[in-house]
file data-v7.txt (compact mmCIF, C-alpha atoms)
# COMPACT_ATOMS: atom_id res chain seq x y z
CA MET U 1 17.08 -26.55 3.69
CA ARG U 2 13.95 -27.69 1.83
CA VAL U 3 11.34 -24.96 1.38
CA MET U 4 7.62 -25.72 1.13
CA SER U 5 6.53 -25.11 -2.48
CA ASN U 6 3.91 -22.51 -1.54
CA LEU U 7 6.58 -20.53 0.33
CA ALA U 8 9.40 -20.87 -2.19
CA HIS U 9 9.00 -17.26 -3.34
CA PHE U 10 10.15 -16.05 0.10
CA HIS U 11 13.28 -18.16 -0.23
CA GLN U 12 13.88 -16.75 -3.72
CA ARG U 13 13.58 -13.18 -2.40
CA ARG U 14 16.17 -13.88 0.29
CA ARG U 15 18.53 -15.21 -2.36
CA ARG U 16 18.03 -12.07 -4.45
CA LEU U 17 18.85 -9.94 -1.44
CA PHE U 18 22.00 -12.00 -0.85
CA GLU U 19 23.11 -11.14 -4.39
CA LYS U 20 22.47 -7.44 -3.88
CA MET U 21 24.33 -7.40 -0.56
CA GLY U 22 27.45 -9.08 -1.90
CA GLN U 23 29.02 -9.66 1.50
CA GLY U 24 27.81 -8.68 4.95
CA ILE U 25 25.06 -9.22 7.49
CA ALA U 26 21.48 -7.94 7.28
CA VAL U 27 19.16 -7.60 10.27
CA ILE U 28 15.46 -7.03 9.53
CA PRO U 29 13.08 -6.94 12.53
CA THR U 30 9.31 -7.22 12.31
CA ALA U 31 6.96 -4.60 13.75
CA PRO U 32 6.28 -4.40 17.50
CA GLU U 33 2.90 -5.03 19.05
CA VAL U 34 1.15 -1.80 20.03
CA ALA U 35 -1.10 -1.40 23.06
CA ARG U 36 -4.57 -0.04 22.32
CA ASN U 37 -5.48 0.40 25.95
CA ALA U 38 -4.64 -1.15 29.29
CA ASP U 39 -6.24 -4.48 28.40
CA ALA U 40 -5.71 -5.00 24.69
CA HIS U 41 -3.44 -4.47 21.72
CA TYR U 42 -4.28 -3.21 18.26
CA ASP U 43 -4.68 -6.05 15.76
CA TYR U 44 -1.14 -7.09 15.00
CA ARG U 45 0.33 -6.28 11.60
CA HIS U 46 3.84 -7.45 10.64
CA ASP U 47 6.54 -5.22 9.14
CA SER U 48 6.28 -5.34 5.34
CA HIS U 49 10.01 -5.77 4.64
CA PHE U 50 10.25 -8.55 7.22
CA TYR U 51 7.22 -10.39 5.86
CA TYR U 52 8.40 -9.94 2.26
CA LEU U 53 11.50 -11.99 3.12
CA SER U 54 9.99 -14.51 5.52
CA GLY U 55 6.25 -15.07 5.22
CA PHE U 56 6.30 -15.25 9.02
CA ALA U 57 3.44 -13.31 10.64
CA GLU U 58 4.17 -13.65 14.37
CA PRO U 59 5.40 -10.68 16.43
CA GLU U 60 8.78 -10.61 18.22
CA ALA U 61 10.78 -11.91 15.28
CA VAL U 62 13.88 -10.94 13.31
CA VAL U 63 15.38 -12.15 10.02
CA VAL U 64 19.19 -12.25 9.85
CA LEU U 65 20.89 -12.89 6.54
CA ILE U 66 24.60 -13.62 6.09
CA ALA U 67 25.77 -12.92 2.54
CA GLY U 68 29.06 -14.07 1.09
CA LYS U 69 30.62 -17.37 0.10
CA ALA U 70 28.55 -19.22 2.70
CA MET U 71 25.07 -17.71 2.56
CA GLN U 72 22.87 -18.28 5.59
CA SER U 73 19.32 -17.23 6.48
CA ILE U 74 18.36 -17.25 10.14
CA LEU U 75 15.08 -16.56 11.94
CA PHE U 76 14.75 -15.43 15.55
CA CYS U 77 11.28 -15.91 17.00
CA ARG U 78 9.34 -16.69 20.17
CA GLU U 79 9.82 -20.07 21.78
CA LYS U 80 7.01 -22.59 22.07
CA ASN U 81 5.08 -21.87 25.26
CA PRO U 82 2.11 -24.18 25.94
CA GLU U 83 0.82 -21.99 28.75
CA ARG U 84 0.81 -18.79 26.69
CA GLU U 85 -0.62 -20.65 23.71
CA ILE U 86 -3.68 -21.50 25.83
CA TRP U 87 -4.31 -17.76 26.12
CA ASP U 88 -2.89 -16.28 22.92
CA GLY U 89 -2.90 -19.06 20.35
CA PHE U 90 -0.43 -21.12 18.36
CA ARG U 91 3.28 -20.30 18.09
CA TYR U 92 5.62 -22.04 15.68
CA GLY U 93 8.69 -21.93 17.88
CA PRO U 94 12.21 -21.91 16.36
CA ASP U 95 12.45 -25.54 15.26
CA ALA U 96 9.11 -25.70 13.44
CA ALA U 97 9.53 -22.19 12.01
CA ALA U 98 12.90 -23.02 10.49
CA GLN U 99 11.50 -26.13 8.85
CA HIS U 100 8.22 -24.61 7.67
CA PHE U 101 9.59 -21.31 6.33
CA GLY U 102 12.82 -22.68 4.89
CA PHE U 103 15.44 -21.02 7.12
CA ASP U 104 18.86 -22.54 7.62
CA ALA U 105 18.56 -22.02 11.37
CA ALA U 106 16.26 -20.47 13.95
CA TYR U 107 16.83 -19.37 17.54
CA PRO U 108 14.75 -18.00 20.42
CA ILE U 109 14.32 -14.24 20.19
CA ALA U 110 15.73 -13.93 23.72
CA LEU U 111 19.14 -14.95 22.34
CA LEU U 112 19.18 -12.31 19.61
CA ASP U 113 21.81 -9.91 20.99
CA GLU U 114 24.11 -12.73 22.05
CA LYS U 115 23.90 -14.50 18.70
CA LEU U 116 24.16 -11.27 16.73
CA ALA U 117 27.48 -10.48 18.38
CA GLU U 118 28.76 -13.82 17.07
CA LEU U 119 27.23 -13.49 13.61
CA MET U 120 28.36 -9.90 13.14
CA ALA U 121 32.02 -10.74 13.77
CA ASP U 122 34.27 -10.23 10.72
CA GLN U 123 31.40 -9.06 8.52
CA PRO U 124 32.42 -6.00 6.47
CA THR U 125 28.98 -4.40 6.27
CA LEU U 126 25.93 -4.22 8.53
CA TYR U 127 22.65 -3.78 6.67
CA TYR U 128 19.57 -2.78 8.65
CA PRO U 129 16.53 -0.46 8.34
CA MET U 130 18.35 2.73 9.24
CA GLY U 131 16.19 5.34 10.90
CA ALA U 132 13.06 3.21 10.89
CA SER U 133 13.21 2.73 14.66
CA THR U 134 15.35 4.62 17.16
CA GLU U 135 15.19 1.60 19.45
CA TRP U 136 16.60 -0.72 16.78
CA ASP U 137 19.20 1.82 15.66
CA THR U 138 20.49 1.99 19.22
CA ARG U 139 20.29 -1.74 19.80
CA LEU U 140 22.20 -2.78 16.70
CA LEU U 141 24.89 -0.16 17.13
CA LYS U 142 25.32 -1.36 20.71
CA VAL U 143 25.90 -4.91 19.45
CA ARG U 144 28.35 -3.55 16.91
CA GLU U 145 30.25 -1.79 19.72
CA ALA U 146 30.36 -5.08 21.65
CA VAL U 147 31.97 -6.73 18.63
CA LYS U 148 34.43 -3.82 18.34
CA SER U 149 35.50 -4.38 21.93
CA LYS U 150 36.96 -7.75 20.89
CA SER U 151 39.31 -6.22 18.34
CA ARG U 152 42.41 -7.17 20.39
CA SER U 153 41.52 -10.81 19.91
CA GLY U 154 41.48 -10.32 16.14
CA VAL U 155 37.72 -9.94 15.71
CA GLN U 156 36.56 -7.14 13.42
CA ALA U 157 33.21 -5.37 13.55
CA PRO U 158 31.42 -4.18 10.41
CA SER U 159 33.13 -1.02 9.21
CA HIS U 160 30.28 -0.01 6.90
CA LEU U 161 26.62 0.64 7.71
CA ARG U 162 24.03 0.49 4.93
CA ASP U 163 20.29 0.94 4.81
CA VAL U 164 18.81 -2.41 3.79
CA GLN U 165 15.59 -0.60 2.92
CA GLU U 166 17.24 0.85 -0.18
CA LEU U 167 17.77 -2.65 -1.54
CA LEU U 168 14.39 -3.98 -0.46
CA ASN U 169 12.49 -0.97 -1.80
CA GLU U 170 13.85 -1.63 -5.28
CA MET U 171 13.08 -5.33 -5.03
CA ARG U 172 9.51 -4.72 -3.89
CA LEU U 173 8.87 -2.22 -6.68
CA ILE U 174 8.63 -5.08 -9.21
CA LYS U 175 5.90 -7.53 -8.19
CA ASP U 176 6.58 -11.21 -8.83
CA ASN U 177 3.91 -13.62 -10.07
CA THR U 178 2.86 -14.60 -6.56
CA GLU U 179 2.38 -10.97 -5.57
CA GLN U 180 0.43 -10.21 -8.73
CA ASP U 181 -1.96 -13.09 -8.07
CA ILE U 182 -2.59 -11.95 -4.48
CA MET U 183 -3.16 -8.37 -5.62
CA ARG U 184 -5.64 -9.52 -8.28
CA ARG U 185 -7.61 -11.31 -5.57
CA ALA U 186 -7.45 -8.31 -3.20
CA ALA U 187 -8.65 -6.10 -6.05
CA SER U 188 -11.51 -8.47 -6.85
CA ILE U 189 -12.70 -8.59 -3.23
CA SER U 190 -12.48 -4.82 -2.94
CA SER U 191 -14.33 -4.33 -6.23
CA GLU U 192 -17.18 -6.47 -4.98
CA ALA U 193 -17.25 -4.47 -1.75
CA HIS U 194 -17.73 -1.25 -3.75
CA ARG U 195 -20.49 -2.91 -5.76
CA ARG U 196 -22.14 -3.99 -2.50
CA ALA U 197 -21.93 -0.44 -1.16
CA MET U 198 -23.62 0.91 -4.27
CA ARG U 199 -26.47 -1.59 -3.96
CA PHE U 200 -26.91 -0.77 -0.26
CA THR U 201 -26.73 3.04 -0.24
CA ARG U 202 -29.88 5.10 0.25
CA SER U 203 -30.56 8.62 1.49
CA GLY U 204 -31.04 8.84 5.25
CA GLN U 205 -28.36 6.26 5.99
CA TYR U 206 -25.18 7.21 7.81
CA GLU U 207 -21.76 6.98 6.28
CA TYR U 208 -20.72 4.38 8.86
CA GLU U 209 -23.56 2.10 7.78
CA VAL U 210 -22.07 2.00 4.29
CA GLU U 211 -18.60 1.48 5.78
CA ALA U 212 -19.97 -1.58 7.59
CA GLU U 213 -21.03 -3.08 4.26
CA LEU U 214 -17.49 -2.67 2.93
CA LEU U 215 -15.96 -4.35 5.98
CA HIS U 216 -18.50 -7.18 5.79
CA GLU U 217 -17.55 -7.94 2.20
CA PHE U 218 -13.83 -7.80 2.96
CA CYS U 219 -14.12 -10.12 5.92
CA ARG U 220 -16.38 -12.73 4.37
CA HIS U 221 -13.75 -13.33 1.67
CA GLY U 222 -10.91 -13.78 4.16
CA ALA U 223 -9.55 -10.22 4.07
CA ARG U 224 -9.88 -9.53 7.78
CA GLN U 225 -8.67 -5.94 7.67
CA PRO U 226 -9.00 -2.91 5.42
CA ALA U 227 -5.70 -1.82 3.91
CA TYR U 228 -6.27 1.67 5.34
CA THR U 229 -9.00 3.61 7.12
CA SER U 230 -11.93 3.71 4.72
CA ILE U 231 -13.13 7.09 3.45
CA VAL U 232 -16.94 7.18 3.16
CA ALA U 233 -17.68 10.81 2.38
CA GLY U 234 -21.10 12.12 1.45
CA GLY U 235 -21.79 15.55 -0.04
CA ALA U 236 -19.36 18.26 1.02
CA ASN U 237 -17.29 15.72 2.97
CA ALA U 238 -16.01 14.40 -0.36
CA CYS U 239 -14.11 17.66 -0.81
CA THR U 240 -11.93 16.78 2.21
CA LEU U 241 -9.28 14.50 0.75
CA HIS U 242 -8.57 12.44 3.88
CA TYR U 243 -12.02 12.56 5.48
CA VAL U 244 -12.45 9.60 7.85
CA GLY U 245 -15.18 10.79 10.22
CA ASN U 246 -17.71 8.59 8.40
CA ASN U 247 -20.51 9.75 10.72
CA ALA U 248 -22.67 12.09 8.63
CA GLN U 249 -26.15 11.32 7.33
CA LEU U 250 -26.45 10.85 3.57
CA GLN U 251 -28.71 13.32 1.81
CA ASP U 252 -30.84 12.83 -1.28
CA GLY U 253 -29.17 14.53 -4.25
CA ASP U 254 -25.63 14.28 -2.86
CA LEU U 255 -22.74 12.24 -4.18
CA LEU U 256 -20.98 9.64 -2.03
CA LEU U 257 -17.22 9.19 -2.46
CA ILE U 258 -15.83 5.89 -1.15
CA ASP U 259 -12.08 5.28 -1.00
CA ALA U 260 -11.61 1.79 0.40
CA GLY U 261 -9.68 -1.42 -0.19
CA CYS U 262 -8.92 -4.61 1.68
CA GLU U 263 -5.61 -6.10 2.72
CA LEU U 264 -5.14 -9.74 1.73
CA GLN U 265 -2.11 -11.80 2.75
CA GLY U 266 -0.20 -8.59 3.38
CA TYR U 267 -1.13 -6.84 0.09
CA ALA U 268 -3.36 -3.82 -0.38
CA ALA U 269 -6.07 -2.88 -2.81
CA ASP U 270 -7.00 0.79 -3.16
CA ILE U 271 -10.20 1.79 -4.99
CA THR U 272 -12.22 4.98 -5.12
CA ARG U 273 -15.67 5.25 -6.60
CA THR U 274 -18.11 8.15 -6.49
CA PHE U 275 -21.84 7.72 -7.03
CA PRO U 276 -25.17 9.43 -6.30
CA VAL U 277 -26.84 8.59 -3.00
CA ASN U 278 -30.23 8.36 -4.73
CA GLY U 279 -28.89 6.26 -7.60
CA LYS U 280 -29.23 8.92 -10.30
CA PHE U 281 -26.61 11.51 -11.32
CA SER U 282 -27.86 15.07 -11.74
CA ALA U 283 -26.93 16.97 -14.89
CA ALA U 284 -24.22 18.96 -13.08
CA GLN U 285 -22.84 15.84 -11.41
CA LYS U 286 -22.71 14.09 -14.78
CA ASP U 287 -20.77 16.95 -16.35
CA VAL U 288 -18.06 16.83 -13.66
CA TYR U 289 -18.01 13.05 -13.47
CA GLN U 290 -17.46 12.61 -17.20
CA ILE U 291 -14.47 14.97 -17.05
CA VAL U 292 -12.86 13.02 -14.19
CA LEU U 293 -13.58 9.70 -15.90
CA ALA U 294 -12.09 10.91 -19.19
CA SER U 295 -8.99 12.13 -17.34
CA GLN U 296 -8.60 8.74 -15.70
CA GLU U 297 -8.95 6.94 -19.02
CA ALA U 298 -6.22 9.14 -20.46
CA ALA U 299 -3.98 8.49 -17.47
CA ILE U 300 -4.49 4.72 -17.64
CA ALA U 301 -3.66 4.77 -21.36
CA ALA U 302 -0.38 6.52 -20.48
CA ALA U 303 0.52 3.92 -17.83
CA ARG U 304 2.66 1.80 -20.14
CA PRO U 305 6.18 0.35 -20.02
CA GLY U 306 8.69 2.85 -21.33
CA ASN U 307 6.65 5.89 -20.30
CA SER U 308 7.75 7.95 -17.33
CA TRP U 309 6.07 7.79 -13.92
CA ASP U 310 4.83 11.34 -14.56
CA ALA U 311 3.15 10.53 -17.90
CA PRO U 312 -0.21 9.41 -16.43
CA HIS U 313 -0.35 12.51 -14.23
CA GLN U 314 0.34 14.85 -17.13
CA ALA U 315 -2.28 13.10 -19.27
CA ALA U 316 -4.88 13.46 -16.52
CA LEU U 317 -3.96 17.11 -15.93
CA ARG U 318 -4.57 18.11 -19.52
CA VAL U 319 -8.02 16.53 -19.63
CA LEU U 320 -9.01 17.89 -16.22
CA SER U 321 -7.78 21.39 -16.96
CA GLN U 322 -9.66 21.55 -20.26
CA GLY U 323 -12.72 20.30 -18.44
CA PHE U 324 -12.39 23.01 -15.80
CA ILE U 325 -12.21 25.59 -18.60
CA ASP U 326 -15.35 24.15 -20.22
CA LEU U 327 -17.17 24.34 -16.86
CA LYS U 328 -15.95 27.95 -16.45
CA LEU U 329 -14.10 27.00 -13.29
CA CYS U 330 -10.78 28.09 -14.83
CA GLN U 331 -10.16 30.97 -17.21
CA GLY U 332 -7.80 31.23 -20.16
CA SER U 333 -6.20 28.73 -22.54
CA LEU U 334 -5.28 25.19 -21.61
CA GLU U 335 -1.58 26.04 -21.64
CA SER U 336 -2.08 29.05 -19.38
CA VAL U 337 -4.14 27.06 -16.89
CA LEU U 338 -1.40 24.43 -16.78
CA GLU U 339 1.36 27.00 -16.49
CA THR U 340 -0.28 29.06 -13.73
CA GLU U 341 -1.58 25.91 -12.01
CA SER U 342 -4.95 27.53 -11.48
CA TYR U 343 -6.42 24.02 -11.76
CA LYS U 344 -5.10 23.35 -8.25
CA GLN U 345 -8.15 25.04 -6.75
CA PHE U 346 -10.05 21.95 -7.87
CA TYR U 347 -7.36 19.28 -8.23
CA MET U 348 -4.48 19.52 -5.80
CA HIS U 349 -2.93 16.04 -5.59
CA ARG U 350 -0.92 13.73 -7.78
CA THR U 351 -2.63 11.12 -9.95
CA GLY U 352 -1.27 8.02 -8.24
CA HIS U 353 1.25 6.20 -6.09
CA TRP U 354 2.98 2.83 -5.93
CA LEU U 355 0.82 0.03 -4.52
CA GLY U 356 1.81 -3.27 -2.90
CA MET U 357 2.33 -4.45 0.64
CA ASP U 358 1.87 -0.86 1.77
CA VAL U 359 -0.91 1.27 0.35
CA HIS U 360 1.61 3.97 -0.49
CA ASP U 361 4.19 1.38 -1.36
CA VAL U 362 7.96 1.70 -1.34
CA GLY U 363 10.09 2.74 -4.30
CA GLU U 364 11.52 6.01 -5.53
CA TYR U 365 9.55 8.05 -8.06
CA LYS U 366 12.66 9.73 -9.46
CA VAL U 367 16.08 8.27 -10.29
CA ASP U 368 19.03 10.64 -10.71
CA GLY U 369 16.62 13.56 -10.74
CA LYS U 370 14.45 12.17 -13.54
CA TRP U 371 11.04 10.55 -13.35
CA ARG U 372 11.37 6.77 -13.20
CA THR U 373 10.53 4.75 -16.29
CA LEU U 374 7.58 2.41 -15.87
CA GLN U 375 8.44 -1.29 -16.13
CA SER U 376 6.49 -4.51 -16.32
CA GLY U 377 5.62 -5.70 -12.81
CA MET U 378 5.20 -2.25 -11.28
CA THR U 379 1.80 -1.60 -9.72
CA LEU U 380 0.34 1.83 -9.20
CA THR U 381 -2.93 3.61 -8.56
CA VAL U 382 -4.49 5.98 -11.07
CA GLU U 383 -6.77 8.39 -9.22
CA PRO U 384 -7.59 11.79 -10.66
CA GLY U 385 -10.28 13.84 -8.97
CA CYS U 386 -12.17 17.10 -8.78
CA TYR U 387 -13.14 18.85 -5.54
CA ILE U 388 -15.35 21.91 -5.89
CA ARG U 389 -15.80 23.84 -2.67
CA PRO U 390 -18.14 26.83 -2.46
CA ALA U 391 -16.40 29.96 -3.76
CA ASP U 392 -17.25 33.23 -5.49
CA ASN U 393 -15.77 31.99 -8.78
CA VAL U 394 -17.75 28.73 -8.75
CA PRO U 395 -21.28 28.32 -10.20
CA HIS U 396 -23.67 27.45 -7.37
CA GLU U 397 -24.87 24.23 -9.03
CA LEU U 398 -21.31 22.83 -8.76
CA TRP U 399 -20.81 23.57 -5.08
CA ASN U 400 -19.74 20.63 -2.89
CA ILE U 401 -19.23 18.20 -5.75
CA GLY U 402 -16.29 15.99 -4.88
CA ILE U 403 -15.38 13.19 -7.27
CA ARG U 404 -12.42 10.81 -7.38
CA ILE U 405 -12.10 7.67 -9.49
CA GLU U 406 -9.27 5.32 -8.58
CA ASP U 407 -8.11 2.00 -9.99
CA ASP U 408 -5.15 -0.29 -9.36
CA VAL U 409 -3.03 -0.79 -12.47
CA LEU U 410 -0.35 -3.41 -13.12
CA ILE U 411 2.19 -2.54 -15.79
CA THR U 412 2.52 -5.47 -18.22
CA PRO U 413 5.11 -6.13 -20.95
CA HIS U 414 2.96 -4.48 -23.62
CA GLY U 415 0.61 -2.19 -21.71
CA ASN U 416 -1.27 -2.57 -18.46
CA GLU U 417 -3.89 -4.57 -16.60
CA VAL U 418 -6.54 -2.76 -14.57
CA LEU U 419 -6.83 -5.04 -11.54
CA THR U 420 -9.95 -3.30 -10.23
CA GLN U 421 -11.96 -3.26 -13.45
CA GLU U 422 -14.80 -5.22 -11.80
CA ALA U 423 -15.83 -2.17 -9.76
CA PRO U 424 -18.57 -0.29 -11.67
CA LYS U 425 -17.22 2.99 -13.00
CA THR U 426 -19.20 4.46 -15.88
CA ILE U 427 -22.36 6.43 -15.17
CA GLU U 428 -24.41 3.73 -16.91
CA GLN U 429 -22.81 0.90 -14.91
CA ILE U 430 -23.26 2.70 -11.58
CA GLU U 431 -26.91 3.61 -12.18
CA GLU U 432 -27.64 0.07 -13.38
CA VAL U 433 -26.16 -1.47 -10.20
CA MET U 434 -28.04 0.98 -7.98
CA ARG U 435 -31.37 0.17 -9.66
CA HIS U 436 -31.15 -3.37 -8.28
CA GLU U 437 -31.05 -3.97 -4.53
call {"tool": "encode", "arguments": {"input": "data-v7.txt", "output": "structure tokens"}}
result
Amino acid sequence: MRVMSNLAHFHQRRRRLFEKMGQGIAVIPTAPEVARNADAHYDYRHDSHFYYLSGFAEPEAVVVLIAGKAMQSILFCREKNPEREIWDGFRYGPDAAAQHFGFDAAYPIALLDEKLAELMADQPTLYYPMGASTEWDTRLLKVREAVKSKSRSGVQAPSHLRDVQELLNEMRLIKDNTEQDIMRRAASISSEAHRRAMRFTRSGQYEYEVEAELLHEFCRHGARQPAYTSIVAGGANACTLHYVGNNAQLQDGDLLLIDAGCELQGYAADITRTFPVNGKFSAAQKDVYQIVLASQEAAIAAARPGNSWDAPHQAALRVLSQGFIDLKLCQGSLESVLETESYKQFYMHRTGHWLGMDVHDVGEYKVDGKWRTLQSGMTLTVEPGCYIRPADNVPHELWNIGIRIEDDVLITPHGNEVLTQEAPKTIEQIEEVMRHE
């Protein structure tokens, strides 16, 4: 079937999955709608694996792939329903969906179990997202049992069950050119949102007022949703890693940590910037900030093809730990601080994660017990930080300083590309932006 040129990459991904499957049937459902209250649902968001293979964003849909000598891709979706479309909006329906998204066939979702029993017959292996949904686990195994019941007539049910997520996770780990372009755009929109927040922020405002500026910038560029709940954390709140209250008043002299990124066409950006509410870093804030920035620069330099996944983290750790020693937050030599992990009082998380359709994207970090080797096309965050809570062993002038600096980094054939480089990051850049409303 002919595939529209702007959707050809979905067709290519299905063909790659066929090759990985060898022979068998794969069933990949999209995410269910979720009720928010008695009268409304949460904004719908498709399942990432499903969308990666289909480009189809409607709920109540399933992709079925038959691999073998005669490869076949099938979509199950909602039927056209003029009455419901008056209330809920456009639906493709099976016929138009098959044509538009390049499937060999499409059927009403109501026929799924019946058709699956036919399609599953004589397939050696059933691939599906094992354990992702108890409901789907039960449903697919029930269909498999129905096929088994026909064994006397010579029909065989799949004798092997495999987790299709294992195959898709590896595929999604390497971003194709289309994905890279979308992520560059998501990063650009998110970078401008951080710049807007810096220009807007003043003491006396509330964290949620700054959050509104982020959402405004996302939305006006077509990114209707944030990729995750934005963290807008002033002062001591920045020392809570997953702070999402966003309801405190900003105080003159405090830092503001913002961890926020948009989702665009199913892909996430993830940026953190930290800056002074009043537009000017204090001497103590500068000292800590420069250490975190230097650690991030070292980590980004280590994010290269051929290096291990752990290399950026280790590079950041060495710079941070030496910085903590210089600030008299940690005692002893660099090697002893690293060995005893005393740095964890001030830096307790890893330096990054995979990024893509999910903010913490799929893909293993270790292979056969060893850290994975970075390859061109992988995308990760690089986000060292420092969180100094009040304590007896901490100088008072450093209390409640929380700083994280995070960028999105694409591994390239000869190095990397920082997708979020447009977001101001140096002390000079930040203070310059905040001088101009």
call {"tool": "atom_distance", "arguments": {"input": "data-v7.txt", "atom1": "atom CA of U:Ala236", "atom2": "atom CA of U:Leu293"}}
result
19.8 Å
call {"tool": "closest_residue", "arguments": {"input": "data-v7.txt", "among": "U:Met198, U:Leu241, U:Ile388, U:Leu65", "to": "U:Ala105", "atoms": "only C-alpha atoms"}}
result
U:Leu65
call {"tool": "residues_near_point", "arguments": {"input": "data-v7.txt", "point": "(-12.6, 9.3, -5.8)", "cutoff": "8 Å", "atoms": "all atoms listed in the file", "output": "list in words"}}
result
Leu257, Ile258, Asp259, Ile271, Thr272, Arg273, Thr274, Glu383, Pro384, Gly385, Gly402, Ile403, Arg404, Ile405 and Glu406 of chain U
call {"tool": "closest_residue", "arguments": {"input": "data-v7.txt", "among": "U:Gln251, U:Gln156, U:Thr201, U:Ser308", "to": "U:Val367", "atoms": "all atoms listed in the file"}}
result
U:Ser308
call {"tool": "residues_near_point", "arguments": {"input": "data-v7.txt", "point": "(-28.7, -2.0, -9.6)", "cutoff": "10 Å", "atoms": "all atoms listed in the file", "output": "mmCIF file with C-alpha atoms, in the coordinates of the input"}}
result
data_model
loop_
_atom_site.group_PDB
_atom_site.id
_atom_site.type_symbol
_atom_site.label_atom_id
_atom_site.label_comp_id
_atom_site.auth_asym_id
_atom_site.auth_seq_id
_atom_site.Cartn_x
_atom_site.Cartn_y
_atom_site.Cartn_z
ATOM 1 C CA ARG U 195 -20.490 -2.910 -5.760
ATOM 2 C CA ARG U 196 -22.140 -3.990 -2.500
ATOM 3 C CA MET U 198 -23.620 0.910 -4.270
ATOM 4 C CA ARG U 199 -26.470 -1.590 -3.960
ATOM 5 C CA PHE U 200 -26.910 -0.770 -0.260
ATOM 6 C CA GLY U 279 -28.890 6.260 -7.600
ATOM 7 C CA GLN U 429 -22.810 0.900 -14.910
ATOM 8 C CA ILE U 430 -23.260 2.700 -11.580
ATOM 9 C CA GLU U 431 -26.910 3.610 -12.180
ATOM 10 C CA GLU U 432 -27.640 0.070 -13.380
ATOM 11 C CA VAL U 433 -26.160 -1.470 -10.200
ATOM 12 C CA MET U 434 -28.040 0.980 -7.980
ATOM 13 C CA ARG U 435 -31.370 0.170 -9.660
ATOM 14 C CA HIS U 436 -31.150 -3.370 -8.280
ATOM 15 C CA GLU U 437 -31.050 -3.970 -4.530
#
call {"tool": "atom_distance", "arguments": {"input": "data-v7.txt", "atom1": "atom CA of U:Met171", "atom2": "atom CA of U:Ala186"}}
result
20.8 Å
call {"tool": "closest_residue", "arguments": {"input": "data-v7.txt", "among": "U:Met130, U:Leu374, U:Ala26, U:Ala146", "to": "U:His414", "atoms": "all atoms listed in the file"}}
result
U:Leu374
call {"tool": "closest_residue", "arguments": {"input": "data-v7.txt", "among": "U:Asn81, U:Thr412, U:Ser159, U:Asn400", "to": "U:Ala284", "atoms": "all atoms listed in the file"}}
result
U:Asn400
call {"tool": "closest_atom_pairs", "arguments": {"input": "data-v7.txt", "of": "stretch 110-200 of chain U", "to": "stretch 341-365 of chain U", "cutoff": "8 Å", "atoms": "all atoms listed in the file", "output": "tab-separated table"}}
result
residue	atom	partner	partner_atom	distance
U:Asn169	CA	U:Gly363	CA	5.1
U:Glu170	CA	U:Gly363	CA	5.8
U:Arg172	CA	U:Val362	CA	7.1
U:Leu173	CA	U:Gly363	CA	5.6
U:Lys175	CA	U:Gly356	CA	7.9
U:Met183	CA	U:Gly356	CA	7.6
call {"tool": "closest_residue", "arguments": {"input": "data-v7.txt", "among": "U:Val292, U:Val34, U:Pro29, U:Ala223", "to": "U:Glu135", "atoms": "only C-alpha atoms"}}
result
U:Pro29
call {"tool": "atom_distance", "arguments": {"input": "data-v7.txt", "atom1": "atom CA of U:Ala31", "atom2": "atom CA of U:Asp47"}}
result
4.7 Å
call {"tool": "residues_around", "arguments": {"input": "data-v7.txt", "residues": "U:Gln314", "least_positions_apart": "2", "cutoff": "10 Å", "atoms": "all atoms listed in the file", "output": "number ranges by chain"}}
result
U: 295, 298-299, 302, 309-312, 316-320, 338, 350-351
call {"tool": "build_atoms", "arguments": {"input": "data-v7.txt", "residues": "stretch 170-177 of chain U", "atoms": "N, CA and C atoms", "output": "mmCIF file, in the frame of the given file"}}
result
data_model
loop_
_atom_site.group_PDB
_atom_site.id
_atom_site.type_symbol
_atom_site.label_atom_id
_atom_site.label_comp_id
_atom_site.auth_asym_id
_atom_site.auth_seq_id
_atom_site.Cartn_x
_atom_site.Cartn_y
_atom_site.Cartn_z
ATOM 1 N N GLU U 170 13.722 -1.366 -3.851
ATOM 2 C CA GLU U 170 13.850 -1.630 -5.280
ATOM 3 C C GLU U 170 13.341 -3.018 -5.639
ATOM 4 N N MET U 171 13.589 -3.986 -4.778
ATOM 5 C CA MET U 171 13.080 -5.330 -5.030
ATOM 6 C C MET U 171 11.554 -5.347 -5.023
ATOM 7 N N ARG U 172 10.964 -4.691 -4.042
ATOM 8 C CA ARG U 172 9.510 -4.720 -3.890
ATOM 9 C C ARG U 172 8.788 -3.920 -4.969
ATOM 10 N N LEU U 173 9.496 -3.050 -5.646
ATOM 11 C CA LEU U 173 8.870 -2.220 -6.680
ATOM 12 C C LEU U 173 8.366 -3.073 -7.842
ATOM 13 N N ILE U 174 9.048 -4.162 -8.142
ATOM 14 C CA ILE U 174 8.630 -5.080 -9.210
ATOM 15 C C ILE U 174 7.951 -6.285 -8.566
ATOM 16 N N LYS U 175 6.659 -6.449 -8.820
ATOM 17 C CA LYS U 175 5.900 -7.530 -8.190
ATOM 18 C C LYS U 175 6.122 -8.842 -8.955
ATOM 19 N N ASP U 176 6.423 -9.903 -8.204
ATOM 20 C CA ASP U 176 6.580 -11.210 -8.830
ATOM 21 C C ASP U 176 5.211 -11.825 -9.077
ATOM 22 N N ASN U 177 5.183 -13.000 -9.687
ATOM 23 C CA ASN U 177 3.910 -13.620 -10.070
ATOM 24 C C ASN U 177 3.022 -13.907 -8.868
#
